[in-house]
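Just below is one structure, and these are the notes that go with it.
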Amino acid sequence: MDIKSGHSSPVMTDSPPISNSRLTIRQNRLPYSSATAISQNNNLLLTVPRKKTGILDDVKSSGWLDAMKSSSPPPTILNKDNISSDATDMTYREWTQLKYPSALTTFEKIMSFAKGKRIALFLDYDGTLSPIVEEPDCAYMSSAMRTAVQNVAKYFPTAIISGRSRDKVYEFVGLSELYYAGSHGMDIMSPAGESLNHEQLSRTVSVNEKVLCSLVESTKDIKGAKVEDNKFCISVHYRNVEEKNWNLVAQCVDDVIRTYPKLRLTHGRKVLEIRPVIDWDKGKAVTFLLESLGLNNCEDVLPIYVGDDRTDEDAFKVLRDGPNHGYGVLVSAVPKDTNAFYSLRDPSEVMEFLKSLVTWKRSMG
């Protein structure tokens, strides 16, 4: 895929008072094709209203510890032979049969809706393209997965949207054919290498540097805690922290960010994430990318988003309820409520799904 973007960087600004939050992008809309070149002279204005200021966000309202536990599902229960228990398997089968069918077993049905439409593919990274690992810096994708992603990007515009920094995700993946959206979509790079930075966020960098140093210092004595700098976001991982000490991690984070009203806290799979207080998430990143490709609000476009994390729910919801109707695919080995339509069990099934997309596209000629 050779998509070139010459847009000037989108500007994130406070909106005038309006009744409903909206995303406004000024740009000529061009149909997507592998040879599409987006005009270099149009100004792209991204207007993002601020959220109501609040340090602790939904984490505080539900209780630190409860929120951390709810976003960190326990591992699959294993018997002595290291095989999933019959009860666990039965529950999962019922979940996929009654609520969220496997995107593999229902692939033909999904593709029946895709006939005559252009597919746009969005992928999370951790837990989707790579397994969840104990050490975040070692979340490498397999060479087979890299090949699968590279092949699917030849036929469909493909983006990776991650809470990690854009540079870190690119380091893991190493494919120039993709869009990379780091920091939950706040830091975007096109396949042509065009950086689509949100200028207003540059003001938060110095603050984040101070917060980063403070978080590193305050958590240094908690065994297993790790602080990761994701440019516009900061992640505090507690995957390797004993559960009895999770409250210490939460308290350290609370003590640091309580003096920064322009920062908010969210949580994912055994990670606390500090972000700027702006109305921006992976769902809005999907909308922005679709608009950049000239695929926004088009009846002949089918966006598909594959992800495993709580933060991916914003994207699932946008595709379920918004004008860019598409399919969310949740990657999970345990039953859970989601805004997605379909499910896949783990990254190995994600790879099979990507391969199936390529095979289907080739069969269409």
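Going by the structure tokens order, chains are called A, B, ..., each with residues numbered from 1, while ligands are numbered from 1 in the order shown.
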Show me, as a list in words, the residues that have an atom within 12 Å of Lys355 of chain A when counting only C-alpha atoms, minus same-chain residues fewer than 4 positions from it.
Leu104, Phe107, Ala144, Met145, Arg146, Thr147, Ala148, Val149, Gln150, Asn151, Val152, Ala153, Lys154, Tyr155, Ser348, Glu349, Val350, Met351, Thr359, Trp360, Lys361 and Arg362 of chain A
Just the residues within 7 Å of Val301 of chain A, please, counting only C-alpha atoms, with nothing from its chain fewer than 5 positions along; format it as a PyMOL selection string.
chain A and resi 117-119+295
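For Val329 of chain A, the residues within 9 Å (counting only C-alpha atoms, excluding itself and residues fewer than 2 positions away along the chain) are A:Tyr100, A:Ser102, A:Ala103, A:Ile304, A:Tyr305, A:Val306, A:Gly307, A:Asp308, A:Phe316, A:Tyr327, A:Val331, A:Asn339, A:Ala340, A:Phe341, A:Tyr342, A:Ser343, A:Leu344.
Near Cys252 of chain A, within a cut-off of 10 Å and counting only C-alpha atoms, sit the residues A:Ser214, A:Leu215, A:Val216, A:Glu217, A:Ser218, A:Thr219, A:Ile222, A:Trp246, with same-chain residues fewer than 6 positions away left out.
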Next, dump the selected residues to file, keeping only C-alpha atoms, as a PDB file, in the first residue's frame.
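Listing of again.pdb after writing:
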ATOM      1  CA  SER A 214       7.842  11.421  39.843  1.00  0.00           C
ATOM      2  CA  LEU A 215       6.133   8.126  39.024  1.00  0.00           C
ATOM      3  CA  VAL A 216       9.451   6.351  38.540  1.00  0.00           C
ATOM      4  CA  GLU A 217      10.676   7.648  41.884  1.00  0.00           C
ATOM      5  CA  SER A 218       7.485   6.873  43.807  1.00  0.00           C
ATOM      6  CA  THR A 219       7.148   3.298  42.509  1.00  0.00           C
ATOM      7  CA  ILE A 222       7.367  -1.652  44.616  1.00  0.00           C
ATOM      8  CA  TRP A 246      -1.747  -3.203  43.863  1.00  0.00           C
TER       9      TRP A 246
END
Between atom CA of Pro335 of chain A and atom CA of Val249 of chain A, distance in Å (one decimal)
27.2 Å
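With only C-alpha atoms as the atoms that count, the residue of A:Pro136, A:Gly294, A:Pro323, A:Gly193 with the shortest distance to Val271 of chain A is A:Pro136.
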